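With compact mmCIF, C-alpha atoms inside, this is my_file-v8.txt:
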# COMPACT_ATOMS: atom_id res chain seq x y z
CA MET A 1 -6.57 -6.92 -9.35
CA ILE A 2 -2.99 -7.59 -8.29
CA THR A 3 -2.77 -6.91 -4.57
CA GLY A 4 0.15 -6.04 -2.35
CA THR A 5 1.25 -4.84 1.05
CA PRO A 6 3.76 -2.12 1.94
CA LYS A 7 7.19 -3.24 2.99
CA PRO A 8 8.16 -2.20 6.53
CA ILE A 9 9.70 1.27 6.50
CA GLU A 10 12.82 -0.12 8.20
CA GLU A 11 13.38 -2.48 5.25
CA ILE A 12 12.90 0.33 2.74
CA MET A 13 15.26 2.60 4.70
CA GLU A 14 17.90 -0.12 4.55
CA MET A 15 17.43 -0.46 0.78
CA VAL A 16 17.77 3.26 0.10
CA GLU A 17 20.64 3.72 2.58
CA PRO A 18 23.37 3.93 -0.10
CA TYR A 19 21.49 6.56 -2.12
CA ASP A 20 20.92 10.31 -1.73
CA ASN A 21 18.93 11.00 -4.90
CA ILE A 22 16.17 8.63 -5.99
CA ILE A 23 12.93 8.35 -7.93
CA LEU A 24 9.91 7.01 -6.07
CA ALA A 25 7.59 5.57 -8.69
CA GLY A 26 3.95 4.69 -8.15
CA CYS A 27 1.45 3.14 -10.55
CA HIS A 28 -2.14 4.15 -11.30
CA GLY A 29 -3.20 0.52 -11.87
CA CYS A 30 -4.07 -2.23 -9.40
CA VAL A 31 -1.83 -0.96 -6.61
CA THR A 32 -3.71 2.34 -6.56
CA VAL A 33 -6.99 0.49 -6.05
CA CYS A 34 -5.61 -1.61 -3.20
CA ARG A 35 -4.05 1.51 -1.66
CA VAL A 36 -0.44 0.40 -1.65
CA GLY A 37 1.27 2.01 -4.62
CA GLY A 38 -0.71 4.93 -6.04
CA GLU A 39 -0.08 8.64 -6.15
CA LYS A 40 -1.14 9.15 -2.52
CA GLU A 41 1.07 6.35 -1.29
CA VAL A 42 3.98 7.89 -3.21
CA GLN A 43 3.45 11.18 -1.36
CA VAL A 44 3.22 9.49 2.04
CA LEU A 45 6.23 7.25 1.52
CA ALA A 46 8.33 10.11 0.11
CA SER A 47 7.55 12.29 3.13
CA THR A 48 8.21 9.40 5.49
CA LEU A 49 11.58 8.65 3.91
CA ARG A 50 12.64 12.30 3.90
CA LEU A 51 11.68 12.70 7.57
CA ALA A 52 13.31 9.44 8.64
CA ARG A 53 16.50 10.20 6.75
CA GLU A 54 16.75 13.76 8.03
CA ALA A 55 16.08 12.66 11.61
CA GLY A 56 19.16 10.48 11.19
CA GLY A 57 21.24 13.46 10.07
CA ARG A 58 21.25 12.92 6.28
CA THR A 59 18.91 14.22 3.63
CA ILE A 60 17.56 12.40 0.59
CA LYS A 61 16.19 13.93 -2.60
CA ILE A 62 13.15 12.13 -3.95
CA ARG A 63 11.45 12.74 -7.27
CA GLU A 64 7.84 11.61 -6.91
CA VAL A 65 6.26 10.14 -10.03
CA SER A 66 3.19 8.03 -10.74
CA LEU A 67 2.94 6.26 -14.07
CA GLU A 68 -0.35 5.27 -15.62
CA ARG A 69 0.90 1.68 -15.57
CA GLN A 70 4.38 0.34 -14.90
CA CYS A 71 3.61 -2.81 -16.91
CA ASP A 72 3.19 -1.06 -20.29
CA PRO A 73 6.16 0.25 -22.28
CA GLU A 74 4.56 3.50 -23.45
CA TYR A 75 4.17 4.68 -19.86
CA VAL A 76 7.50 3.33 -18.62
CA GLU A 77 9.28 5.22 -21.43
CA GLN A 78 8.01 8.49 -19.93
CA MET A 79 10.69 8.09 -17.26
CA ARG A 80 13.57 7.63 -19.70
CA PRO A 81 14.45 11.33 -20.16
CA TYR A 82 15.31 11.78 -16.47
CA VAL A 83 15.89 8.33 -14.97
CA GLY A 84 19.65 8.62 -15.54
CA ASP A 85 19.82 11.67 -13.27
CA TYR A 86 18.98 9.53 -10.24
CA GLN A 87 20.94 6.89 -8.35
CA ALA A 88 18.06 4.41 -7.98
CA VAL A 89 14.35 3.91 -8.51
CA LEU A 90 12.16 2.78 -5.62
CA SER A 91 8.99 1.38 -7.16
CA ILE A 92 5.77 0.69 -5.29
CA ALA A 93 4.11 -1.05 -8.23
CA CYS A 94 3.61 -4.82 -8.31
CA GLY A 95 6.49 -7.16 -9.02
CA ALA A 96 5.68 -7.11 -12.74
CA GLY A 97 5.96 -3.32 -12.90
CA ILE A 98 9.19 -3.24 -10.91
CA GLN A 99 10.79 -5.86 -13.15
CA PHE A 100 9.64 -4.07 -16.28
CA LEU A 101 11.35 -0.87 -15.10
CA ALA A 102 14.49 -2.88 -14.36
CA GLU A 103 14.43 -4.35 -17.87
CA LYS A 104 13.98 -0.96 -19.51
CA PHE A 105 16.48 1.00 -17.39
CA THR A 106 19.40 -1.37 -17.27
CA THR A 107 21.93 0.88 -15.56
CA THR A 108 19.70 2.05 -12.70
CA PRO A 109 19.15 -0.11 -9.59
CA LEU A 110 15.47 -0.92 -8.95
CA LEU A 111 14.20 -1.31 -5.39
CA PRO A 112 10.84 -2.87 -4.41
CA GLY A 113 8.78 -0.81 -1.96
CA ILE A 114 5.94 -3.31 -1.62
CA ASN A 115 5.44 -7.04 -1.31
CA THR A 116 3.24 -8.19 -4.17
CA GLY A 117 0.39 -10.42 -3.07
CA PHE A 118 -2.12 -12.21 -5.25
CA LEU A 119 -4.87 -11.89 -7.88
CA GLY A 120 -7.84 -11.05 -5.78
CA VAL A 121 -10.95 -9.05 -5.03
CA THR A 122 -11.95 -6.34 -2.56
CA GLU A 123 -14.11 -7.89 0.17
CA ARG A 124 -14.60 -4.49 1.83
CA GLN A 125 -12.46 -1.40 2.32
CA GLY A 126 -9.13 -2.65 3.63
CA GLU A 127 -9.74 -6.35 3.01
CA TRP A 128 -8.77 -8.33 -0.09
CA SER A 129 -8.83 -12.05 -0.78
CA GLU A 130 -7.42 -14.35 -3.41
CA ARG A 131 -9.53 -15.68 -6.27
CA CYS A 132 -7.25 -16.74 -9.13
CA GLN A 133 -3.84 -18.35 -9.50
CA GLY A 134 -3.72 -17.91 -13.28
CA CYS A 135 -3.43 -21.66 -13.94
CA GLY A 136 -4.19 -21.10 -17.63
CA ASP A 137 -6.95 -23.73 -17.86
CA CYS A 138 -10.13 -22.37 -16.32
CA VAL A 139 -12.79 -24.79 -15.00
CA LEU A 140 -15.14 -22.30 -13.36
CA HIS A 141 -18.04 -23.37 -15.59
CA LEU A 142 -17.94 -26.80 -13.90
CA THR A 143 -17.42 -25.65 -10.34
CA GLY A 144 -20.17 -23.11 -9.83
CA GLY A 145 -17.88 -20.17 -10.48
CA ILE A 146 -15.63 -21.04 -7.52
CA CYS A 147 -12.03 -21.96 -8.28
CA PRO A 148 -10.81 -25.24 -6.77
CA VAL A 149 -7.20 -24.33 -7.59
CA THR A 150 -7.34 -21.18 -5.49
CA ARG A 151 -10.07 -21.74 -2.93
CA CYS A 152 -8.98 -25.24 -1.92
CA ALA A 153 -5.74 -25.09 0.09
CA LYS A 154 -4.57 -28.28 -1.64
CA SER A 155 -5.93 -27.31 -5.08
CA LEU A 156 -7.83 -30.60 -5.15
CA PHE A 157 -10.03 -31.49 -8.10
CA HIS A 158 -12.17 -34.30 -6.72
CA GLY A 159 -13.97 -32.80 -3.75
CA PRO A 160 -13.21 -31.96 -0.13
CA CYS A 161 -10.47 -33.72 1.81
CA GLY A 162 -10.66 -35.03 5.38
CA GLY A 163 -9.55 -31.67 6.69
CA SER A 164 -12.89 -30.06 5.84
CA VAL A 165 -14.98 -29.76 9.01
CA GLN A 166 -18.35 -28.04 8.95
CA GLY A 167 -17.34 -26.05 5.90
CA ILE A 168 -14.04 -24.85 7.37
CA CYS A 169 -10.58 -25.73 6.03
CA GLU A 170 -8.07 -27.31 8.39
CA VAL A 171 -5.31 -24.84 7.47
CA ASP A 172 -7.04 -21.91 9.19
CA LYS A 173 -10.37 -21.40 10.96
CA SER A 174 -10.95 -18.24 8.92
CA VAL A 175 -10.67 -20.16 5.62
CA LYS A 176 -13.80 -21.70 4.19
CA CYS A 177 -13.45 -25.09 2.52
CA GLY A 178 -13.32 -24.34 -1.20
CA TRP A 179 -14.99 -27.63 -2.08
CA GLN A 180 -17.80 -27.10 0.42
CA LEU A 181 -18.40 -23.74 -1.24
CA ILE A 182 -18.39 -25.39 -4.67
CA ILE A 183 -20.87 -28.11 -3.64
CA ASP A 184 -23.19 -25.64 -1.92
CA ARG A 185 -23.14 -23.46 -5.01
CA LEU A 186 -23.70 -26.37 -7.43
CA LYS A 187 -26.69 -27.47 -5.32
CA ALA A 188 -28.09 -23.94 -5.39
CA LEU A 189 -27.64 -23.84 -9.18
CA ASN A 190 -29.10 -27.35 -9.54
CA GLN A 191 -25.89 -28.36 -11.31
CA MET A 192 -24.69 -31.18 -9.07
CA GLU A 193 -24.23 -33.32 -12.16
CA ASN A 194 -21.11 -31.25 -12.82
CA TYR A 195 -19.59 -32.74 -9.66
CA THR A 196 -19.94 -36.27 -10.99
CA LYS A 197 -18.69 -35.52 -14.49
CA PHE A 198 -15.50 -37.33 -15.29
CA LYS A 199 -12.66 -34.89 -15.74
CA PRO A 200 -9.32 -35.98 -17.17
CA PHE A 201 -6.23 -34.97 -15.20
CA LYS A 202 -5.49 -31.28 -15.24
CA GLY A 203 -2.57 -30.27 -17.40
CA TRP A 204 -0.46 -28.03 -15.22
CA SER A 205 1.86 -27.11 -18.08
CA THR A 206 -0.24 -23.98 -18.61
CA ALA A 207 0.37 -22.99 -14.97
CA ARG A 208 3.64 -21.93 -13.34
CA ASP A 209 4.88 -25.52 -13.51
CA GLY A 210 5.66 -24.94 -17.17
CA GLY A 211 8.08 -22.11 -16.30
CA PRO A 212 7.62 -18.39 -17.04
CA ARG A 213 4.65 -17.98 -19.35
CA ARG A 214 3.99 -15.89 -22.45
CA ILE A 215 0.85 -15.05 -24.34
CA ILE A 216 1.24 -14.38 -28.04
CA ARG A 217 -1.85 -13.17 -29.85
CA GLU A 218 -1.02 -13.45 -33.53
CA ASP A 219 -4.20 -11.54 -34.38
CA MET A 220 -2.91 -8.53 -32.50
CA ILE A 221 0.67 -8.45 -33.69
CA MET B 1 -7.94 25.98 7.58
CA LEU B 2 -9.88 23.27 5.75
CA PRO B 3 -13.66 23.07 5.33
CA CYS B 4 -13.63 19.53 6.71
CA THR B 5 -11.01 17.32 8.39
CA GLY B 6 -12.04 14.70 5.82
CA ARG B 7 -9.79 16.59 3.38
CA ILE B 8 -6.76 15.77 5.50
CA ASP B 9 -4.61 12.93 4.35
CA GLU B 10 -1.44 11.40 5.69
CA SER B 11 0.87 13.28 3.33
CA LEU B 12 -0.56 16.64 4.41
CA LEU B 13 0.21 15.83 8.04
CA LEU B 14 3.70 14.55 7.26
CA THR B 15 4.41 17.62 5.13
CA ALA B 16 3.74 19.80 8.20
CA PHE B 17 6.56 17.96 9.98
CA GLU B 18 8.80 18.31 6.93
CA ASN B 19 8.09 22.03 7.02
CA GLY B 20 9.34 22.21 10.59
CA ALA B 21 6.34 21.63 12.84
CA ASP B 22 7.18 20.23 16.29
CA GLY B 23 3.60 19.10 16.71
CA VAL B 24 0.40 18.94 14.67
CA MET B 25 -3.03 19.39 16.19
CA VAL B 26 -6.01 18.29 14.11
CA VAL B 27 -9.32 19.75 15.24
CA GLY B 28 -12.49 18.30 13.79
CA CYS B 29 -16.21 18.39 14.50
CA LEU B 30 -17.76 16.11 17.07
CA GLU B 31 -18.10 12.51 15.95
CA GLY B 32 -21.57 11.91 14.56
CA ASP B 33 -21.89 15.61 13.79
CA CYS B 34 -19.98 15.85 10.49
CA HIS B 35 -21.66 17.99 7.84
CA TYR B 36 -20.21 15.61 5.26
CA VAL B 37 -21.34 12.51 7.21
CA SER B 38 -17.99 10.86 7.99
CA GLY B 39 -15.18 13.35 7.26
CA ASN B 40 -13.98 13.44 10.85
CA ILE B 41 -14.09 9.65 11.15
CA ARG B 42 -11.91 9.36 8.05
CA ALA B 43 -9.54 11.98 9.48
CA LYS B 44 -9.33 10.01 12.73
CA ALA B 45 -8.22 6.89 10.83
CA ARG B 46 -5.63 8.88 8.88
CA VAL B 47 -4.26 10.56 12.00
CA LYS B 48 -4.00 7.11 13.56
CA ARG B 49 -1.97 5.89 10.59
CA VAL B 50 0.35 8.88 10.97
CA TYR B 51 0.83 7.97 14.68
CA GLY B 52 2.20 4.67 13.44
CA ILE B 53 4.48 6.26 10.85
CA LEU B 54 5.92 8.83 13.30
CA ASP B 55 6.48 6.11 15.86
CA ARG B 56 8.43 3.95 13.41
CA ILE B 57 10.65 6.75 12.17
CA LYS B 58 11.53 7.83 15.72
CA ILE B 59 9.84 11.21 15.58
CA GLY B 60 7.29 9.98 18.08
CA PRO B 61 3.50 9.55 17.92
CA ASP B 62 2.86 12.12 20.69
CA ARG B 63 3.60 14.97 18.31
CA ILE B 64 0.26 14.62 16.59
CA ARG B 65 -3.17 14.60 18.16
CA MET B 66 -6.75 14.92 17.01
CA TYR B 67 -9.42 16.71 19.02
CA ASN B 68 -13.16 16.82 18.36
CA LEU B 69 -15.32 19.76 19.38
CA SER B 70 -18.12 21.89 18.04
CA ALA B 71 -17.71 25.35 16.51
CA GLY B 72 -19.40 26.87 19.60
CA GLU B 73 -16.86 25.52 22.09
CA GLY B 74 -14.31 28.33 21.97
CA SER B 75 -13.11 27.96 25.53
CA LYS B 76 -12.68 24.22 25.07
CA PHE B 77 -10.67 24.88 21.91
CA ALA B 78 -8.39 27.24 23.85
CA ALA B 79 -7.96 24.66 26.62
CA TYR B 80 -7.13 21.89 24.11
CA ALA B 81 -4.69 24.17 22.27
CA ASN B 82 -2.93 25.10 25.53
CA GLU B 83 -2.80 21.46 26.58
CA PHE B 84 -1.27 20.36 23.29
CA VAL B 85 1.23 23.22 23.15
CA GLU B 86 2.32 22.33 26.68
CA LYS B 87 2.72 18.70 25.65
CA VAL B 88 4.86 19.64 22.64
CA ARG B 89 6.98 21.94 24.82
CA GLU B 90 7.63 19.01 27.13
CA LEU B 91 8.67 16.90 24.14
CA GLY B 92 10.97 19.64 22.86
CA PRO B 93 11.92 20.30 19.23
CA SER B 94 11.33 17.45 16.77
CA PRO B 95 14.43 15.45 15.79
CA ILE B 96 14.22 17.11 12.36
CA ASN B 97 14.48 20.57 13.88
CA LEU B 98 17.34 19.49 16.17
CA VAL B 99 19.29 18.24 13.15
CA ARG B 100 18.54 21.41 11.17
CA ALA B 101 19.55 23.62 14.12
CA GLY B 102 22.79 21.66 14.48
CA GLN B 103 23.58 22.07 10.79
CA ALA B 104 22.80 25.79 10.95
CA ARG B 105 25.13 26.16 13.94
CA ALA B 106 27.87 24.26 12.12
CA VAL B 107 27.52 26.52 9.09
CA SER B 108 27.64 29.73 11.14
CA GLN B 109 30.69 28.49 13.06
CA LYS B 110 32.36 27.71 9.75
CA GLU B 111 31.50 31.16 8.44
CA ALA B 112 32.96 32.74 11.60
CA THR B 113 36.32 30.99 11.16

Would you mind giving the structure from this file in structure tokens?
Amino acid sequence: MITGTPKPIEEIMEMVEPYDNIILAGCHGCVTVCRVGGEKEVQVLASTLRLAREAGGRTIKIREVSLERQCDPEYVEQMRPYVGDYQAVLSIACGAGIQFLAEKFTTTPLLPGINTGFLGVTERQGEWSERCQGCGDCVLHLTGGICPVTRCAKSLFHGPCGGSVQGICEVDKSVKCGWQLIIDRLKALNQMENYTKFKPFKGWSTARDGGPRRIIREDMI
Amino acid sequence: MLPCTGRIDESLLLTAFENGADGVMVVGCLEGDCHYVSGNIRAKARVKRVYGILDRIKIGPDRIRMYNLSAGEGSKFAAYANEFVEKVRELGPSPINLVRAGQARAVSQKEAT
């Protein structure tokens, strides 16, 4: 899922300061699962903003909405009939959802209520960690299902660097060395031959280095 | 009245303040004694999150408190209720109510002139 963290309320208050009548838009997708931008979070943030604003002597009207997904046009269009009645939209979806709203509703300012994080997994309730950087050229079949691009701090492709000590990465004691994990896993799978296979250089043009990416599926158009 | 404090979420507590409460007292069963296993533990975590929110928006975390007691502890309930009411009296009206009272006064003065 795409993860995120709430922006500090002080930062959000500063963003909404010029406005008295806004939409607060949540999303039922990833941000609901990681408890940062779903229907419940919309209710809590709306109440918080109303209380904070009123305590300061001004009121703010907030229309609370939660779209099925803010990254799909059919759901975003549900807001079109009323979006013009409001001065701004505060979205607590991921950066993709917020930008999609901005593209669709060109005359309404869009404000981000969360900081979008990474593509990750739920370790346990309240803890998420990164697994994929969307490089566009997956090698998991060779690396025991552990991604060297994401799990190695340097995104190395030829094994652990000198900063790997007893399975721990030098960047942080809480970070396991991605390559140690890969080697341990390959040994457990009896696939160590994958480690010695010659791999040509990785083409990063399919990653972010090639600029903003698009996927066009001719079979679906 | 809710069947279990596990039903409480942050927005419910904040809505009480929006509706004019100066303080909110959450009373749940004793920890380890929840009929639904962990409802009161969940409520405790949510109340704690609301402490943080109230603190950051200058309403103050002392205006909300959770107590745990059993259904048979009536006198303890009364003592806790008195204690909390006293605490809220010391704190005075919430900033929201002060603003609303000020606005009401301004309107009535305007009407009088």

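Using all atoms listed in the file, the part of chain B that sits within 7 Å of chain A is made up of Glu10, Ser11, Leu14, Thr15, Glu18, Ile57, Pro95, Ile96 and Val99 of chain B.
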
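Remark: for Ile22 (chain A), the closest of the candidate residues A:Glu74, A:Asp137, A:Asp85, A:Asp209 is A:Asp85 (distances computed over all atoms listed in the file).
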
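Nearest to Tyr36 (chain B) of all the residues B:Leu91, B:Ala71, B:Ala81, B:Cys4 is B:Cys4, based on only C-alpha atoms.
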
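Our summary of the geometry notes that CA of Asn190 (chain A) is positioned 25.8 Å from CA of Lys154 (chain A).
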
Checklist entry - So how far away is CA of Arg69 (chain A) from CA of Cys27 (chain A), in Å? => result 5.3 Å

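When all atoms listed in the file are used to compute distances to Lys202 (chain A), the closest of the residues A:Val139, A:Cys71, A:Cys34, A:Leu90 turns out to be A:Val139.
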
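For the pair CA of Gly102 (chain B) and CA of Gln87 (chain A), the interatomic distance is 27.3 Å.
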
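Omitting Leu142 (chain A) and its sequence neighbours fewer than 3 positions away, and counting all atoms listed in the file, the residues within 9 Å are Val139, Gly145, Ile146, Leu186, Gln191, Asn194, Tyr195 and Lys197 of chain A.
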
Next on the checklist: Show me the residues around (15.9, -0.5, -17.3) - criterion: an atom at most 12 Å away, only C-alpha atoms counted - as a ChimeraX atom specification.
Outcome noted: /A:70,73,76-77,79-80,83-84,88-89,97-110

Can those selected residues be exported to a file as a PDB file, in the coordinates of the input so that it contains C-alpha atoms?
ATOM      1  CA  GLN A  70       4.380   0.340 -14.900  1.00  0.00           C
ATOM      2  CA  PRO A  73       6.160   0.250 -22.280  1.00  0.00           C
ATOM      3  CA  VAL A  76       7.500   3.330 -18.620  1.00  0.00           C
ATOM      4  CA  GLU A  77       9.280   5.220 -21.430  1.00  0.00           C
ATOM      5  CA  MET A  79      10.690   8.090 -17.260  1.00  0.00           C
ATOM      6  CA  ARG A  80      13.570   7.630 -19.700  1.00  0.00           C
ATOM      7  CA  VAL A  83      15.890   8.330 -14.970  1.00  0.00           C
ATOM      8  CA  GLY A  84      19.650   8.620 -15.540  1.00  0.00           C
ATOM      9  CA  ALA A  88      18.060   4.410  -7.980  1.00  0.00           C
ATOM     10  CA  VAL A  89      14.350   3.910  -8.510  1.00  0.00           C
ATOM     11  CA  GLY A  97       5.960  -3.320 -12.900  1.00  0.00           C
ATOM     12  CA  ILE A  98       9.190  -3.240 -10.910  1.00  0.00           C
ATOM     13  CA  GLN A  99      10.790  -5.860 -13.150  1.00  0.00           C
ATOM     14  CA  PHE A 100       9.640  -4.070 -16.280  1.00  0.00           C
ATOM     15  CA  LEU A 101      11.350  -0.870 -15.100  1.00  0.00           C
ATOM     16  CA  ALA A 102      14.490  -2.880 -14.360  1.00  0.00           C
ATOM     17  CA  GLU A 103      14.430  -4.350 -17.870  1.00  0.00           C
ATOM     18  CA  LYS A 104      13.980  -0.960 -19.510  1.00  0.00           C
ATOM     19  CA  PHE A 105      16.480   1.000 -17.390  1.00  0.00           C
ATOM     20  CA  THR A 106      19.400  -1.370 -17.270  1.00  0.00           C
ATOM     21  CA  THR A 107      21.930   0.880 -15.560  1.00  0.00           C
ATOM     22  CA  THR A 108      19.700   2.050 -12.700  1.00  0.00           C
ATOM     23  CA  PRO A 109      19.150  -0.110  -9.590  1.00  0.00           C
ATOM     24  CA  LEU A 110      15.470  -0.920  -8.950  1.00  0.00           C
TER      25      LEU A 110
END

So that all listed atoms of region 33-52 of chain A fit with 5 Å spare on each side, what axis-aligned box centre and edge lengths in Å, to one decimal, would you give as lines of an AutoDock Vina configuration file?
center_x = 3.2
center_y = 5.5
center_z = 1.2
size_x = 30.3
size_y = 24.3
size_z = 24.8

Residues within 12 Å of Leu69 (chain B), all atoms listed in the file, excluding chain neighbours under 4 positions, as a compact mmCIF listing (two decimals) with C-alpha atoms, keeping the file's coordinate frame:
# COMPACT_ATOMS: atom_id res chain seq x y z
CA VAL B 26 -6.01 18.29 14.11
CA VAL B 27 -9.32 19.75 15.24
CA GLY B 28 -12.49 18.30 13.79
CA CYS B 29 -16.21 18.39 14.50
CA LEU B 30 -17.76 16.11 17.07
CA GLU B 31 -18.10 12.51 15.95
CA GLY B 32 -21.57 11.91 14.56
CA ASP B 33 -21.89 15.61 13.79
CA CYS B 34 -19.98 15.85 10.49
CA ASN B 40 -13.98 13.44 10.85
CA GLU B 73 -16.86 25.52 22.09
CA GLY B 74 -14.31 28.33 21.97
CA SER B 75 -13.11 27.96 25.53
CA LYS B 76 -12.68 24.22 25.07
CA PHE B 77 -10.67 24.88 21.91
CA ALA B 78 -8.39 27.24 23.85
CA ALA B 79 -7.96 24.66 26.62
CA TYR B 80 -7.13 21.89 24.11
CA ALA B 81 -4.69 24.17 22.27

Next on the checklist: At a cut-off of 12 Å, using all atoms listed in the file, what residues contact Cys161 (chain A)? Leave out same-chain residues fewer than 5 positions from it and give the result as a VMD selection string.
Outcome noted: chain A and resid 152 to 156 167 to 171 177 to 180

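Once Ile59 (chain B) and its same-chain neighbours fewer than 3 positions away are set aside, B:Leu54, B:Asp55, B:Ser94, B:Pro95 remain within 7 Å of it when counting all atoms listed in the file.
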
Next, dump the selected residues to file, keeping only C-alpha atoms, as a short mmCIF file (atom, residue, chain, number, x, y, z; two decimals), keeping the file's coordinate frame.
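Output below, filename part38.cif:
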data_model
loop_
_atom_site.label_atom_id
_atom_site.label_comp_id
_atom_site.auth_asym_id
_atom_site.auth_seq_id
_atom_site.Cartn_x
_atom_site.Cartn_y
_atom_site.Cartn_z
CA LEU B 54 5.92 8.83 13.30
CA ASP B 55 6.48 6.11 15.86
CA SER B 94 11.33 17.45 16.77
CA PRO B 95 14.43 15.45 15.79
#

Next on the checklist: Just want the 12 Å neighbourhood of Asp62 (chain B), counted on all atoms listed in the file, with same-chain residues fewer than 5 positions away dropped. Output as JSON, numbers by chain.
Outcome noted: {"B": [22, 23, 24, 25, 47, 48, 50, 51, 52, 53, 54, 55, 84, 85, 86, 87, 88, 89, 90, 91, 92, 94]}

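Nearest residue to Arg100 (chain B), choosing from A:Leu24, A:Thr59, A:Gln166, A:Glu17 and counting all atoms listed in the file: A:Thr59.
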
Given the block above, output region 19-31 of chain A with N, CA, C and O atoms as a PDB file, in the first residue's frame.
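Everything below was put into selection33.pdb:
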ATOM      1  N   TYR A  19      -9.016  30.459   4.575  1.00  0.00           N
ATOM      2  CA  TYR A  19     -10.318  29.962   4.144  1.00  0.00           C
ATOM      3  C   TYR A  19     -11.310  29.789   5.298  1.00  0.00           C
ATOM      4  O   TYR A  19     -10.925  29.465   6.423  1.00  0.00           O
ATOM      5  N   ASP A  20     -12.586  29.964   4.984  1.00  0.00           N
ATOM      6  CA  ASP A  20     -13.646  29.805   5.994  1.00  0.00           C
ATOM      7  C   ASP A  20     -14.619  28.686   5.633  1.00  0.00           C
ATOM      8  O   ASP A  20     -15.545  28.397   6.384  1.00  0.00           O
ATOM      9  N   ASN A  21     -14.439  28.095   4.448  1.00  0.00           N
ATOM     10  CA  ASN A  21     -15.430  27.161   3.925  1.00  0.00           C
ATOM     11  C   ASN A  21     -14.703  26.150   3.027  1.00  0.00           C
ATOM     12  O   ASN A  21     -14.362  26.478   1.886  1.00  0.00           O
ATOM     13  N   ILE A  22     -14.425  24.983   3.558  1.00  0.00           N
ATOM     14  CA  ILE A  22     -13.585  24.043   2.792  1.00  0.00           C
ATOM     15  C   ILE A  22     -14.199  22.635   2.754  1.00  0.00           C
ATOM     16  O   ILE A  22     -15.095  22.314   3.533  1.00  0.00           O
ATOM     17  N   ILE A  23     -13.670  21.848   1.818  1.00  0.00           N
ATOM     18  CA  ILE A  23     -13.986  20.413   1.790  1.00  0.00           C
ATOM     19  C   ILE A  23     -12.790  19.681   2.396  1.00  0.00           C
ATOM     20  O   ILE A  23     -11.637  20.008   2.080  1.00  0.00           O
ATOM     21  N   LEU A  24     -13.062  18.724   3.250  1.00  0.00           N
ATOM     22  CA  LEU A  24     -12.005  17.846   3.748  1.00  0.00           C
ATOM     23  C   LEU A  24     -12.260  16.472   3.137  1.00  0.00           C
ATOM     24  O   LEU A  24     -13.283  15.840   3.414  1.00  0.00           O
ATOM     25  N   ALA A  25     -11.356  16.055   2.260  1.00  0.00           N
ATOM     26  CA  ALA A  25     -11.597  14.838   1.475  1.00  0.00           C
ATOM     27  C   ALA A  25     -10.675  13.694   1.878  1.00  0.00           C
ATOM     28  O   ALA A  25      -9.450  13.810   1.810  1.00  0.00           O
ATOM     29  N   GLY A  26     -11.275  12.598   2.276  1.00  0.00           N
ATOM     30  CA  GLY A  26     -10.521  11.384   2.579  1.00  0.00           C
ATOM     31  C   GLY A  26     -10.604  10.411   1.417  1.00  0.00           C
ATOM     32  O   GLY A  26     -11.234  10.685   0.391  1.00  0.00           O
ATOM     33  N   CYS A  27      -9.978   9.268   1.571  1.00  0.00           N
ATOM     34  CA  CYS A  27      -9.924   8.257   0.516  1.00  0.00           C
ATOM     35  C   CYS A  27     -10.062   6.883   1.165  1.00  0.00           C
ATOM     36  O   CYS A  27      -9.460   6.625   2.198  1.00  0.00           O
ATOM     37  N   HIS A  28     -10.864   6.019   0.549  1.00  0.00           N
ATOM     38  CA  HIS A  28     -11.077   4.687   1.131  1.00  0.00           C
ATOM     39  C   HIS A  28      -9.992   3.680   0.731  1.00  0.00           C
ATOM     40  O   HIS A  28     -10.106   2.506   1.040  1.00  0.00           O
ATOM     41  N   GLY A  29      -8.957   4.148   0.033  1.00  0.00           N
ATOM     42  CA  GLY A  29      -7.908   3.233  -0.424  1.00  0.00           C
ATOM     43  C   GLY A  29      -6.819   3.034   0.623  1.00  0.00           C
ATOM     44  O   GLY A  29      -7.098   2.873   1.815  1.00  0.00           O
ATOM     45  N   CYS A  30      -5.579   3.083   0.154  1.00  0.00           N
ATOM     46  CA  CYS A  30      -4.416   2.776   1.013  1.00  0.00           C
ATOM     47  C   CYS A  30      -4.410   3.583   2.310  1.00  0.00           C
ATOM     48  O   CYS A  30      -4.095   3.047   3.374  1.00  0.00           O
ATOM     49  N   VAL A  31      -4.719   4.870   2.215  1.00  0.00           N
ATOM     50  CA  VAL A  31      -4.598   5.734   3.402  1.00  0.00           C
ATOM     51  C   VAL A  31      -5.625   5.405   4.482  1.00  0.00           C
ATOM     52  O   VAL A  31      -5.454   5.794   5.638  1.00  0.00           O
TER      53      VAL A  31
END
